[in-house]
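> Data: structure31.cif, mmCIF, C-alpha atoms.
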```cif
data_protein
#
loop_
_atom_site.label_atom_id
_atom_site.label_comp_id
_atom_site.auth_asym_id
_atom_site.auth_seq_id
_atom_site.Cartn_x
_atom_site.Cartn_y
_atom_site.Cartn_z
CA MET A 1 44.28 -79.46 -37.45
CA LYS A 2 44.03 -82.91 -35.97
CA ASN A 3 45.33 -83.64 -32.53
CA ASN A 4 43.95 -86.77 -30.91
CA PHE A 5 46.89 -87.76 -28.74
CA ILE A 6 49.12 -84.89 -27.66
CA LYS A 7 48.10 -83.32 -24.36
CA GLU A 8 47.45 -79.63 -23.92
CA LEU A 9 50.07 -77.30 -22.49
CA LEU A 10 48.89 -75.22 -19.54
CA ILE A 11 50.88 -72.13 -18.55
CA GLY A 12 48.94 -70.45 -15.80
CA ASP A 13 45.49 -69.75 -17.19
CA LEU A 14 46.73 -70.04 -20.77
CA LYS A 15 45.91 -73.24 -22.62
CA ALA A 16 47.71 -74.27 -25.81
CA SER A 17 45.95 -77.17 -27.52
CA LEU A 18 49.35 -78.28 -28.81
CA PRO A 19 52.33 -78.48 -26.41
CA ILE A 20 54.71 -76.88 -28.90
CA ILE A 21 56.39 -73.53 -28.42
CA GLN A 22 58.07 -72.01 -31.45
CA GLY A 23 61.50 -70.79 -30.38
CA GLY A 24 62.26 -67.08 -30.59
CA MET A 25 64.93 -66.51 -33.23
CA GLY A 26 66.70 -63.22 -33.90
CA VAL A 27 67.77 -61.20 -35.72
CA ARG A 28 64.37 -60.82 -37.45
CA ILE A 29 63.87 -64.55 -38.11
CA SER A 30 60.76 -65.06 -35.99
CA LEU A 31 58.44 -62.07 -36.13
CA SER A 32 54.67 -61.73 -36.30
CA GLY A 33 54.24 -63.84 -39.45
CA LEU A 34 55.74 -67.03 -38.05
CA ALA A 35 54.46 -66.49 -34.52
CA ALA A 36 50.86 -66.02 -35.68
CA ALA A 37 51.02 -69.05 -37.97
CA VAL A 38 52.15 -71.30 -35.10
CA ALA A 39 49.54 -69.85 -32.74
CA ASN A 40 46.84 -70.50 -35.34
CA GLN A 41 47.76 -74.19 -35.27
CA GLY A 42 47.31 -74.38 -31.51
CA GLY A 43 50.94 -73.90 -30.48
CA ILE A 44 52.60 -70.87 -28.90
CA GLY A 45 54.14 -68.43 -31.36
CA VAL A 46 57.12 -66.34 -30.28
CA ILE A 47 58.49 -63.03 -31.56
CA ALA A 48 62.23 -62.53 -30.97
CA THR A 49 63.15 -59.06 -29.76
CA ALA A 50 66.92 -59.21 -30.40
CA GLY A 51 67.71 -56.64 -33.09
CA ILE A 52 64.05 -56.25 -33.95
CA GLY A 53 64.40 -52.56 -34.86
CA ILE A 54 67.66 -52.78 -36.75
CA LEU A 55 66.09 -51.96 -40.13
CA GLU A 56 64.47 -48.74 -38.94
CA PRO A 57 65.83 -45.54 -40.57
CA ASP A 58 66.66 -44.08 -37.16
CA ASN A 59 68.22 -47.21 -35.68
CA TYR A 60 71.65 -45.49 -35.50
CA THR A 61 70.35 -42.33 -33.84
CA ASP A 62 67.58 -43.81 -31.69
CA TRP A 63 68.27 -47.52 -31.21
CA LEU A 64 66.05 -47.77 -28.16
CA GLY A 65 63.11 -45.97 -29.74
CA ALA A 66 63.38 -47.96 -32.96
CA ASN A 67 63.26 -51.28 -31.12
CA ILE A 68 60.33 -50.26 -28.93
CA ARG A 69 58.39 -49.03 -31.98
CA VAL A 70 58.94 -52.22 -33.99
CA LEU A 71 58.21 -54.53 -31.05
CA LYS A 72 54.87 -52.78 -30.53
CA SER A 73 54.14 -53.06 -34.25
CA GLU A 74 55.00 -56.76 -34.46
CA ILE A 75 52.84 -57.61 -31.43
CA LYS A 76 49.92 -55.71 -32.95
CA LYS A 77 50.43 -57.45 -36.31
CA ALA A 78 50.44 -60.85 -34.63
CA ARG A 79 47.28 -60.02 -32.69
CA ALA A 80 45.57 -59.07 -35.95
CA LEU A 81 46.51 -62.44 -37.48
CA THR A 82 45.61 -64.80 -34.63
CA LYS A 83 43.53 -65.27 -31.52
CA GLY A 84 46.09 -67.80 -30.28
CA ILE A 85 48.88 -67.46 -27.73
CA ILE A 86 51.74 -65.09 -28.57
CA GLY A 87 54.94 -64.68 -26.61
CA VAL A 88 58.18 -62.74 -26.95
CA ASN A 89 61.75 -63.88 -26.37
CA ILE A 90 63.84 -61.25 -24.57
CA MET A 91 67.48 -62.09 -23.94
CA ARG A 92 68.73 -61.04 -20.52
CA ALA A 93 71.98 -59.98 -22.16
CA LEU A 94 70.30 -57.27 -24.27
CA SER A 95 71.34 -53.74 -23.36
CA ASN A 96 67.71 -52.67 -23.91
CA TYR A 97 66.34 -55.59 -21.88
CA ALA A 98 64.31 -53.55 -19.42
CA ASP A 99 62.66 -51.48 -22.12
CA MET A 100 61.77 -54.55 -24.18
CA VAL A 101 60.20 -56.17 -21.11
CA LYS A 102 58.24 -53.03 -20.22
CA THR A 103 57.02 -52.66 -23.79
CA ALA A 104 55.91 -56.29 -24.04
CA ILE A 105 53.97 -56.02 -20.78
CA GLU A 106 52.37 -52.74 -21.83
CA GLU A 107 51.24 -54.45 -25.04
CA LYS A 108 49.74 -57.25 -22.91
CA ILE A 109 51.84 -59.98 -24.47
CA ASP A 110 50.80 -63.42 -23.25
CA ILE A 111 54.23 -64.73 -22.25
CA ILE A 112 57.79 -63.44 -21.88
CA PHE A 113 60.51 -66.06 -22.39
CA SER A 114 63.87 -64.89 -21.06
CA GLY A 115 67.30 -66.50 -21.10
CA ALA A 116 70.90 -65.71 -22.14
CA GLY A 117 71.64 -64.90 -18.52
CA LEU A 118 69.61 -65.27 -15.35
CA PRO A 119 66.52 -63.02 -15.47
CA LEU A 120 66.56 -62.53 -11.69
CA HIS A 121 64.60 -59.25 -11.69
CA LEU A 122 62.00 -60.03 -14.37
CA PRO A 123 58.95 -60.01 -12.01
CA GLU A 124 59.66 -56.45 -10.86
CA PHE A 125 58.34 -55.14 -14.18
CA LEU A 126 54.85 -56.53 -13.59
CA ASN A 127 52.06 -54.48 -12.05
CA ASN A 128 48.82 -55.51 -10.39
CA ASN A 129 46.97 -55.51 -13.70
CA SER A 130 49.56 -57.51 -15.64
CA LYS A 131 48.45 -60.84 -17.08
CA THR A 132 51.73 -61.57 -18.85
CA LYS A 133 53.25 -64.91 -17.86
CA LEU A 134 56.98 -65.09 -17.08
CA VAL A 135 59.03 -68.08 -18.27
CA PRO A 136 62.80 -68.23 -17.69
CA ILE A 137 65.04 -70.26 -20.00
CA VAL A 138 67.68 -72.28 -18.16
CA SER A 139 70.34 -74.89 -18.86
CA SER A 140 70.47 -76.62 -15.47
CA GLY A 141 68.49 -77.52 -12.39
CA ARG A 142 70.73 -75.20 -10.37
CA ALA A 143 69.82 -72.22 -12.56
CA ALA A 144 66.12 -73.09 -12.26
CA GLN A 145 66.49 -73.28 -8.49
CA ILE A 146 68.35 -69.96 -8.24
CA ILE A 147 65.77 -68.11 -10.33
CA THR A 148 62.75 -69.64 -8.59
CA LYS A 149 64.21 -68.99 -5.11
CA ASN A 150 64.96 -65.39 -6.06
CA TRP A 151 61.53 -64.75 -7.59
CA THR A 152 59.60 -66.27 -4.72
CA GLU A 153 61.60 -64.58 -1.95
CA LYS A 154 61.88 -61.12 -3.51
CA TYR A 155 58.65 -60.88 -5.47
CA ASN A 156 56.44 -63.68 -4.14
CA TYR A 157 56.23 -64.84 -7.76
CA VAL A 158 56.52 -68.43 -8.94
CA PRO A 159 57.66 -68.96 -12.57
CA ASP A 160 54.71 -69.78 -14.78
CA ALA A 161 56.83 -72.37 -16.60
CA ILE A 162 60.52 -73.09 -17.19
CA VAL A 163 62.16 -73.82 -20.54
CA VAL A 164 65.16 -76.14 -20.31
CA GLU A 165 67.41 -75.63 -23.31
CA GLY A 166 69.95 -78.36 -23.94
CA PRO A 167 73.30 -78.13 -25.76
CA MET A 168 71.93 -79.28 -29.15
CA ALA A 169 70.08 -75.98 -29.70
CA GLY A 170 70.94 -73.44 -32.36
CA GLY A 171 72.39 -70.02 -31.69
CA HIS A 172 74.00 -69.01 -28.43
CA LEU A 173 74.31 -71.82 -25.92
CA GLY A 174 74.30 -71.79 -22.13
CA PHE A 175 77.19 -74.26 -21.98
CA ASN A 176 80.92 -73.93 -22.40
CA GLU A 177 82.51 -75.83 -25.27
CA GLU A 178 83.70 -78.65 -23.00
CA LYS A 179 80.16 -79.48 -21.91
CA ILE A 180 78.32 -79.26 -25.22
CA PHE A 181 79.00 -82.83 -26.33
CA LYS A 182 79.19 -84.54 -22.93
CA SER A 183 76.35 -86.99 -22.25
CA GLU A 184 75.85 -85.79 -18.66
CA PHE A 185 74.65 -82.46 -20.02
CA SER A 186 72.19 -83.94 -22.52
CA LEU A 187 68.57 -82.81 -22.50
CA ASP A 188 67.58 -86.30 -21.31
CA ILE A 189 69.50 -85.62 -18.09
CA LEU A 190 68.60 -81.94 -17.75
CA ILE A 191 64.82 -82.40 -17.84
CA PRO A 192 64.61 -84.66 -14.74
CA ASP A 193 67.23 -82.45 -13.06
CA VAL A 194 65.10 -79.33 -13.44
CA ILE A 195 61.87 -81.13 -12.51
CA GLU A 196 63.50 -82.29 -9.29
CA ALA A 197 64.98 -78.85 -8.56
CA ILE A 198 61.64 -77.03 -8.71
CA LYS A 199 59.55 -79.69 -6.95
CA PRO A 200 60.02 -78.12 -3.46
CA PHE A 201 58.73 -74.79 -4.78
CA GLU A 202 55.70 -76.41 -6.38
CA GLU A 203 54.89 -78.07 -3.07
CA LYS A 204 55.50 -74.96 -0.96
CA TYR A 205 53.55 -72.55 -3.15
CA LYS A 206 51.03 -75.09 -4.40
CA LYS A 207 51.60 -74.12 -8.01
CA TYR A 208 52.34 -76.37 -10.95
CA ILE A 209 55.43 -75.28 -12.90
CA PRO A 210 55.45 -76.94 -16.33
CA VAL A 211 58.91 -77.77 -17.66
CA ILE A 212 59.47 -77.31 -21.40
CA ALA A 213 62.15 -79.29 -23.26
CA ALA A 214 64.20 -77.40 -25.86
CA GLY A 215 67.30 -77.91 -27.99
CA GLY A 216 67.66 -80.37 -30.86
CA ILE A 217 64.02 -81.50 -30.85
CA TYR A 218 63.13 -82.39 -34.41
CA THR A 219 60.40 -85.03 -34.78
CA GLY A 220 57.10 -86.12 -33.28
CA ARG A 221 59.06 -89.06 -31.86
CA ASP A 222 61.21 -86.55 -29.97
CA ILE A 223 58.10 -84.84 -28.61
CA TYR A 224 56.76 -88.19 -27.44
CA LYS A 225 60.08 -89.01 -25.79
CA TYR A 226 60.33 -85.79 -23.78
CA LEU A 227 56.71 -85.82 -22.71
CA LYS A 228 57.31 -89.33 -21.38
CA ILE A 229 60.39 -88.14 -19.51
CA GLY A 230 58.22 -85.59 -17.76
CA ALA A 231 58.25 -82.43 -19.85
CA ALA A 232 54.93 -80.65 -20.25
CA GLY A 233 55.82 -79.48 -23.75
CA VAL A 234 58.64 -78.76 -26.17
CA GLN A 235 60.20 -75.73 -27.77
CA MET A 236 61.31 -76.01 -31.40
CA GLY A 237 63.15 -73.36 -33.38
CA THR A 238 65.09 -74.82 -36.30
CA ARG A 239 62.16 -76.79 -37.72
CA PHE A 240 60.10 -73.61 -38.08
CA VAL A 241 62.71 -71.71 -40.11
CA ALA A 242 62.12 -73.72 -43.30
CA THR A 243 58.44 -72.83 -43.39
CA VAL A 244 56.57 -70.60 -45.78
CA GLU A 245 55.49 -68.31 -42.96
CA CYS A 246 58.93 -67.81 -41.40
CA ASP A 247 59.88 -64.12 -41.60
CA ALA A 248 63.43 -64.79 -42.90
CA SER A 249 64.36 -64.55 -46.58
CA THR A 250 64.09 -67.50 -48.94
CA GLU A 251 67.89 -67.51 -49.22
CA PHE A 252 68.20 -67.93 -45.45
CA LYS A 253 65.79 -70.86 -45.50
CA GLN A 254 67.70 -72.36 -48.42
CA ALA A 255 70.87 -72.31 -46.32
CA TYR A 256 69.09 -74.68 -43.95
CA ILE A 257 68.05 -76.96 -46.79
CA ASN A 258 71.57 -76.99 -48.25
CA ALA A 259 73.30 -77.72 -44.93
CA HIS A 260 75.10 -81.03 -44.44
CA LYS A 261 75.86 -82.64 -41.10
CA GLU A 262 79.54 -81.73 -41.33
CA ASP A 263 78.60 -78.05 -41.86
CA ILE A 264 77.12 -77.70 -38.36
CA ILE A 265 79.82 -76.23 -36.14
CA ILE A 266 80.35 -74.47 -32.84
CA ILE A 267 81.68 -70.92 -33.18
CA LYS A 268 83.04 -68.41 -30.71
CA SER A 269 80.58 -65.54 -30.66
CA PRO A 270 81.57 -61.90 -30.00
CA VAL A 271 79.10 -61.94 -27.10
CA GLY A 272 81.27 -64.38 -25.16
CA MET A 273 79.21 -67.54 -25.59
CA PRO A 274 79.65 -70.49 -27.94
CA GLY A 275 77.05 -70.74 -30.68
CA ARG A 276 75.90 -73.38 -33.15
CA ALA A 277 75.87 -72.23 -36.77
CA ILE A 278 76.07 -73.39 -40.37
CA ARG A 279 79.64 -73.09 -41.60
CA ASN A 280 80.15 -70.80 -44.60
CA LYS A 281 82.80 -68.53 -46.13
CA PHE A 282 82.07 -65.72 -43.69
CA ILE A 283 82.80 -67.96 -40.71
CA ASP A 284 85.90 -69.41 -42.44
CA ASP A 285 87.20 -65.89 -43.07
CA VAL A 286 86.74 -64.97 -39.41
CA ASN A 287 88.54 -68.14 -38.33
CA ASP A 288 91.36 -67.25 -40.72
CA GLY A 289 91.82 -63.93 -38.97
CA LYS A 290 90.04 -61.70 -41.46
CA LYS A 291 88.16 -58.80 -39.90
CA HIS A 292 84.94 -57.10 -40.96
CA PRO A 293 85.34 -53.48 -39.79
CA PHE A 294 82.26 -51.82 -38.34
CA LYS A 295 81.11 -49.04 -36.05
CA CYS A 296 78.97 -50.01 -33.09
CA PRO A 297 76.40 -47.28 -32.45
CA TYR A 298 74.39 -49.06 -29.77
CA HIS A 299 76.26 -51.95 -28.05
CA CYS A 300 73.15 -54.16 -28.24
CA ILE A 301 74.55 -57.08 -26.19
CA ILE A 302 75.99 -56.25 -22.78
CA THR A 303 78.63 -59.00 -22.97
CA CYS A 304 79.83 -58.14 -26.47
CA ASN A 305 83.47 -57.10 -26.66
CA TYR A 306 82.69 -54.84 -29.60
CA LYS A 307 86.00 -52.96 -29.49
CA ASP A 308 88.06 -56.09 -30.20
CA THR A 309 85.70 -58.44 -32.05
CA PRO A 310 86.40 -59.06 -35.77
CA TYR A 311 82.75 -58.53 -36.76
CA CYS A 312 79.41 -57.27 -35.49
CA ILE A 313 77.15 -60.23 -34.76
CA ALA A 314 74.00 -58.11 -35.10
CA PHE A 315 74.95 -57.05 -38.63
CA ALA A 316 76.10 -60.59 -39.53
CA LEU A 317 72.78 -62.09 -38.43
CA LEU A 318 70.81 -59.31 -40.11
CA ASN A 319 72.67 -59.83 -43.39
CA ALA A 320 71.97 -63.54 -43.19
CA SER A 321 68.26 -63.06 -42.48
CA LYS A 322 68.03 -60.85 -45.57
CA GLY A 323 69.78 -63.50 -47.67
CA ASN A 324 73.21 -61.84 -47.81
CA LEU A 325 75.14 -64.84 -46.51
CA ASP A 326 78.42 -63.60 -47.99
CA ASN A 327 78.40 -61.05 -45.18
CA GLY A 328 76.81 -63.11 -42.43
CA PHE A 329 75.90 -66.58 -41.25
CA ALA A 330 72.93 -68.61 -40.02
CA PHE A 331 72.54 -69.95 -36.52
CA ALA A 332 70.84 -73.38 -36.52
CA GLY A 333 70.18 -76.39 -34.31
CA SER A 334 72.09 -79.66 -34.46
CA ASN A 335 69.49 -81.37 -36.69
CA VAL A 336 69.26 -78.69 -39.36
CA TYR A 337 70.92 -80.98 -41.93
CA ARG A 338 67.80 -83.17 -41.87
CA ILE A 339 65.66 -80.43 -43.42
CA ASN A 340 65.17 -80.91 -47.16
CA LYS A 341 62.29 -78.63 -48.18
CA ILE A 342 60.18 -75.64 -47.27
CA VAL A 343 56.70 -76.48 -45.98
CA SER A 344 53.84 -74.57 -44.44
CA VAL A 345 53.54 -74.37 -40.67
CA LYS A 346 50.37 -76.45 -40.91
CA GLU A 347 52.14 -79.17 -42.91
CA LEU A 348 54.96 -79.24 -40.37
CA ILE A 349 52.60 -79.46 -37.40
CA ASP A 350 50.54 -82.20 -39.07
CA SER A 351 53.69 -84.25 -39.74
CA LEU A 352 54.82 -83.86 -36.11
CA ILE A 353 51.43 -85.05 -34.89
CA ASP A 354 51.52 -88.02 -37.29
CA GLU A 355 54.94 -89.03 -35.98
CA TYR A 356 53.80 -88.61 -32.40
CA GLU A 357 50.72 -90.75 -32.98
CA VAL A 358 52.84 -93.59 -34.38
CA MET A 359 54.90 -93.56 -31.19
CA SER A 360 51.87 -93.31 -28.91
CA GLU A 361 50.56 -96.61 -30.26
CA ILE A 362 53.71 -98.38 -29.07
CA PRO A 363 53.44 -99.58 -25.43
CA TYR A 364 55.82 -97.67 -23.23
CA ARG A 365 57.88 -100.63 -22.08
CA LEU A 366 61.07 -98.98 -20.95
CA THR A 367 61.86 -96.31 -18.43
CA ASN A 368 64.87 -95.31 -20.52
CA THR A 369 63.21 -93.57 -23.46
CA ALA A 370 66.49 -93.39 -25.35
CA ALA A 371 66.15 -97.13 -25.83
CA LEU A 372 62.76 -96.92 -27.52
CA PRO A 373 62.62 -98.80 -30.86
#
```
Starting from the coordinates I provided, produce the structure as structure tokens.

Amino acid sequence: MKNNFIKELLIGDLKASLPIIQGGMGVRISLSGLAAAVANQGGIGVIATAGIGILEPDNYTDWLGANIRVLKSEIKKARALTKGIIGVNIMRALSNYADMVKTAIEEKIDIIFSGAGLPLHLPEFLNNNSKTKLVPIVSSGRAAQIITKNWTEKYNYVPDAIVVEGPMAGGHLGFNEEKIFKSEFSLDILIPDVIEAIKPFEEKYKKYIPVIAAGGIYTGRDIYKYLKIGAAGVQMGTRFVATVECDASTEFKQAYINAHKEDIIIIKSPVGMPGRAIRNKFIDDVNDGKKHPFKCPYHCIITCNYKDTPYCIAFALLNASKGNLDNGFAFAGSNVYRINKIVSVKELIDSLIDEYEVMSEIPYRLTNTAALP
């Protein structure tokens, strides 16, 4: 893999030759196959823990045990496939959050990425021998400040990096519907906001905290733009779905390829947050008041109002990942409609680098990167 221009991404003592983190996507979209493929190209591969054990035979009777077992298995599989950097994404809103964190640390995962709520107590799971890096996912400078202040005061622990996810991301969003399309909440504004918010902590504790841009990043040009703004790297999810190595079904990937711009909508999720998804008949039926009866044996998301919701989001996302889109739907980022074919992870990475290199040969003449030609 060629990489003559893009700088390395340093997270503590970990060094990724490519400053690209593959976003963690559940349910069962990004597992060991995709994560290892990205790590082998020099990026950071991420296994999503949300619903990871849902296909186990005992998932109804032992939800916790099933998820722990599969998480251990997926980490081991990834380790067998790559010597690169592997992380896990663990949503703070998961009812089995603590057990997923403990399991990941026991398996010596390189990095834990945690969002969907403020992971205020994440450092308490580490022990003196832990080498796992902790990276919160935030949507504002204020959230970054709150987490960093809490971690440093209670645990004497400085975040190893911070992912800033803007409102153009796929899946559940850390913004209410009013803010999603307002320019003042764009990633271009959020990145400098977070960098400024954590600067006092970097100075006080003499530790560099790399800021990672996420949400709607699609091209090498985008990578160039956000690195120029001040980000140390980027996180990309949607682009990695339509790859050969992605763990989702071919039908799920095809839904990305078939999507048009007008199909990308914001839905109200049962977990209480807005989400970006590809409109289909399932979503239309829900909007028309049709219910999909289910029994909830495990209450996997703390904020889910499972007694009143018209469908189970875990089952809907699982069905979609398996290709049964009549009984589910696909989360996706704002640029999903631009995808037109399935490629290998290597082909995708090479194209991103090519696009980045074209931009890097253009003199950086403007401080406002949005105005770049």
> Taking (76.9, -62.2, -47.6) in the file's coordinates as the center, which residues reach within 12 Å of it, counting only C-alpha atoms, put as a PyMOL selection string?
chain A and resi 251-252+255+280-283+285+292+315-330
> For this structure, which residues satisfy the selection - the PyMOL selection byres ((chain A and resi 246) around 8) - when it is evaluated on the file as given? I want them as a list in words.
Ile29, Ser30, Leu31, Gly33, Leu34, Phe240, Val241, Ala242, Thr243, Val244, Glu245, Asp247 and Ala248 of chain A
> Deliver the residues from the most recent selection as a file, using C-alpha atoms, as a PDB file, keeping the file's coordinate frame.

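Output file part13.pdb is given in full below:
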```
ATOM      1  CA  ILE A  29      63.870 -64.550 -38.110  1.00  0.00           C
ATOM      2  CA  SER A  30      60.760 -65.060 -35.990  1.00  0.00           C
ATOM      3  CA  LEU A  31      58.440 -62.070 -36.130  1.00  0.00           C
ATOM      4  CA  GLY A  33      54.240 -63.840 -39.450  1.00  0.00           C
ATOM      5  CA  LEU A  34      55.740 -67.030 -38.050  1.00  0.00           C
ATOM      6  CA  PHE A 240      60.100 -73.610 -38.080  1.00  0.00           C
ATOM      7  CA  VAL A 241      62.710 -71.710 -40.110  1.00  0.00           C
ATOM      8  CA  ALA A 242      62.120 -73.720 -43.300  1.00  0.00           C
ATOM      9  CA  THR A 243      58.440 -72.830 -43.390  1.00  0.00           C
ATOM     10  CA  VAL A 244      56.570 -70.600 -45.780  1.00  0.00           C
ATOM     11  CA  GLU A 245      55.490 -68.310 -42.960  1.00  0.00           C
ATOM     12  CA  ASP A 247      59.880 -64.120 -41.600  1.00  0.00           C
ATOM     13  CA  ALA A 248      63.430 -64.790 -42.900  1.00  0.00           C
TER      14      ALA A 248
END
```
> Between A:Ala169, A:Ile180, A:Ile52, A:Ile162, which residue has the minimum interatomic distance to A:Ser32, considering all atoms listed in the file?
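Nearest to A:Ser32: A:Ile52.
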> I need the residue set behind the PyMOL selection byres ((chain A and resi 110) around 9) for this file; please write it as a ChimeraX atom specification.
/A:14,85-88,104-105,108-109,111-112,131-134
> Could you give me, as a list in words, the residues that have an atom at most 9 Å away from the point (67.0, -57.0, -20.4) in the coordinates of the file, using only C-alpha atoms?
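Answer for this query, in the requested form: Ile90, Met91, Arg92, Ala93, Leu94, Ser95, Asn96, Tyr97, Ala98, Asp99, Met100, Val101, Ser114, Pro119 and Leu122 of chain A.
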> List the spatial neighbours of stretch 135-139 of chain A as a PDB file with C-alpha atoms, in the coordinates of the input - criterion: any atom at most 8 Å away, all atoms listed in the file, same-chain residues fewer than 4 positions off excluded.

```
ATOM      1  CA  ILE A 111      54.230 -64.730 -22.250  1.00  0.00           C
ATOM      2  CA  ILE A 112      57.790 -63.440 -21.880  1.00  0.00           C
ATOM      3  CA  PHE A 113      60.510 -66.060 -22.390  1.00  0.00           C
ATOM      4  CA  SER A 114      63.870 -64.890 -21.060  1.00  0.00           C
ATOM      5  CA  GLY A 115      67.300 -66.500 -21.100  1.00  0.00           C
ATOM      6  CA  ALA A 116      70.900 -65.710 -22.140  1.00  0.00           C
ATOM      7  CA  LEU A 118      69.610 -65.270 -15.350  1.00  0.00           C
ATOM      8  CA  PRO A 119      66.520 -63.020 -15.470  1.00  0.00           C
ATOM      9  CA  ALA A 143      69.820 -72.220 -12.560  1.00  0.00           C
ATOM     10  CA  ALA A 144      66.120 -73.090 -12.260  1.00  0.00           C
ATOM     11  CA  ILE A 147      65.770 -68.110 -10.330  1.00  0.00           C
ATOM     12  CA  PRO A 159      57.660 -68.960 -12.570  1.00  0.00           C
ATOM     13  CA  ASP A 160      54.710 -69.780 -14.780  1.00  0.00           C
ATOM     14  CA  ALA A 161      56.830 -72.370 -16.600  1.00  0.00           C
ATOM     15  CA  ILE A 162      60.520 -73.090 -17.190  1.00  0.00           C
ATOM     16  CA  VAL A 163      62.160 -73.820 -20.540  1.00  0.00           C
ATOM     17  CA  VAL A 164      65.160 -76.140 -20.310  1.00  0.00           C
ATOM     18  CA  GLU A 165      67.410 -75.630 -23.310  1.00  0.00           C
ATOM     19  CA  GLY A 166      69.950 -78.360 -23.940  1.00  0.00           C
ATOM     20  CA  GLY A 174      74.300 -71.790 -22.130  1.00  0.00           C
ATOM     21  CA  PHE A 175      77.190 -74.260 -21.980  1.00  0.00           C
ATOM     22  CA  LEU A 190      68.600 -81.940 -17.750  1.00  0.00           C
TER      23      LEU A 190
END
```
> Nearest to A:Pro210 among A:Ile339, A:Ala232, A:Ile257, A:Val194, with distances taken over all atoms listed in the file: which residue is it?
A:Ala232
> Write out as a list of chain:residue names the residues lying within 9 Å of A:Gly233, counting only C-alpha atoms and excluding same-chain residues fewer than 5 positions away.
A:Lys7, A:Glu8, A:Leu9, A:Leu18, A:Pro19, A:Ile20, A:Ile21, A:Pro210, A:Val211, A:Ile212, A:Ala213, A:Ala214, A:Ile223, A:Tyr226, A:Leu227
> One decimal, Å: what's the distance from atom CA of A:Glu177 over to atom CA of A:Arg276, could you say?
10.6 Å
> State, in Å with one decimal place, the distance from atom CA of A:Lys228 to atom CA of A:Gly84.
25.9 Å
> Counting all atoms listed in the file, figure out which residue out of A:Ile68, A:Ala332, A:Leu352, A:Val38 gets nearest to A:Lys253.
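Among A:Ile68, A:Ala332, A:Leu352, A:Val38, it is A:Ala332 that comes nearest to A:Lys253.
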> For this structure, which residues satisfy the selection - the PyMOL selection byres ((chain A and resi 51) around 7) - when it is evaluated on the file as given? I want them as a list in words.
Gly26, Val27, Arg28, Thr49, Ala50, Ile52, Gly53, Ile54 and Ala314 of chain A
> Selected residues, C-alpha atoms, written as a PDB file, keeping the file's coordinate frame, please.

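Output saved as part-v4.pdb:
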```pdb
ATOM      1  CA  GLY A  26      66.700 -63.220 -33.900  1.00  0.00           C
ATOM      2  CA  VAL A  27      67.770 -61.200 -35.720  1.00  0.00           C
ATOM      3  CA  ARG A  28      64.370 -60.820 -37.450  1.00  0.00           C
ATOM      4  CA  THR A  49      63.150 -59.060 -29.760  1.00  0.00           C
ATOM      5  CA  ALA A  50      66.920 -59.210 -30.400  1.00  0.00           C
ATOM      6  CA  ILE A  52      64.050 -56.250 -33.950  1.00  0.00           C
ATOM      7  CA  GLY A  53      64.400 -52.560 -34.860  1.00  0.00           C
ATOM      8  CA  ILE A  54      67.660 -52.780 -36.750  1.00  0.00           C
ATOM      9  CA  ALA A 314      74.000 -58.110 -35.100  1.00  0.00           C
TER      10      ALA A 314
END
```
> Kindly indicate which residue among A:Met168, A:Ala78, A:Ile229, A:Val158 lies nearest to A:Lys204, using all atoms listed in the file for the distances.
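Using all atoms listed in the file, A:Lys204 sits closest to A:Val158.
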> Measure the distance from atom CA of A:Asn150 to atom CA of A:His121 in Å and round it to one decimal.
8.3 Å
> With only C-alpha atoms as the atoms that count, which of A:Tyr205, A:Asp62, A:Asp222, A:Lys341 lies nearest to A:Asn156?
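Checking each of A:Tyr205, A:Asp62, A:Asp222, A:Lys341 against A:Asn156, counting only C-alpha atoms, the winner is A:Tyr205.
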> Hey, what's within 12 Å of A:Glu355 if we count all atoms listed in the file and toss same-chain stuff fewer than 3 positions away? As a VMD selection string, please?
chain A and resid 3 5 to 6 218 to 225 348 to 352 358 to 362
> Find the residue from A:Ala277, A:Val286, A:Ile313, A:Ile353 that sits nearest to A:Tyr337; use only C-alpha atoms when measuring.
A:Ala277
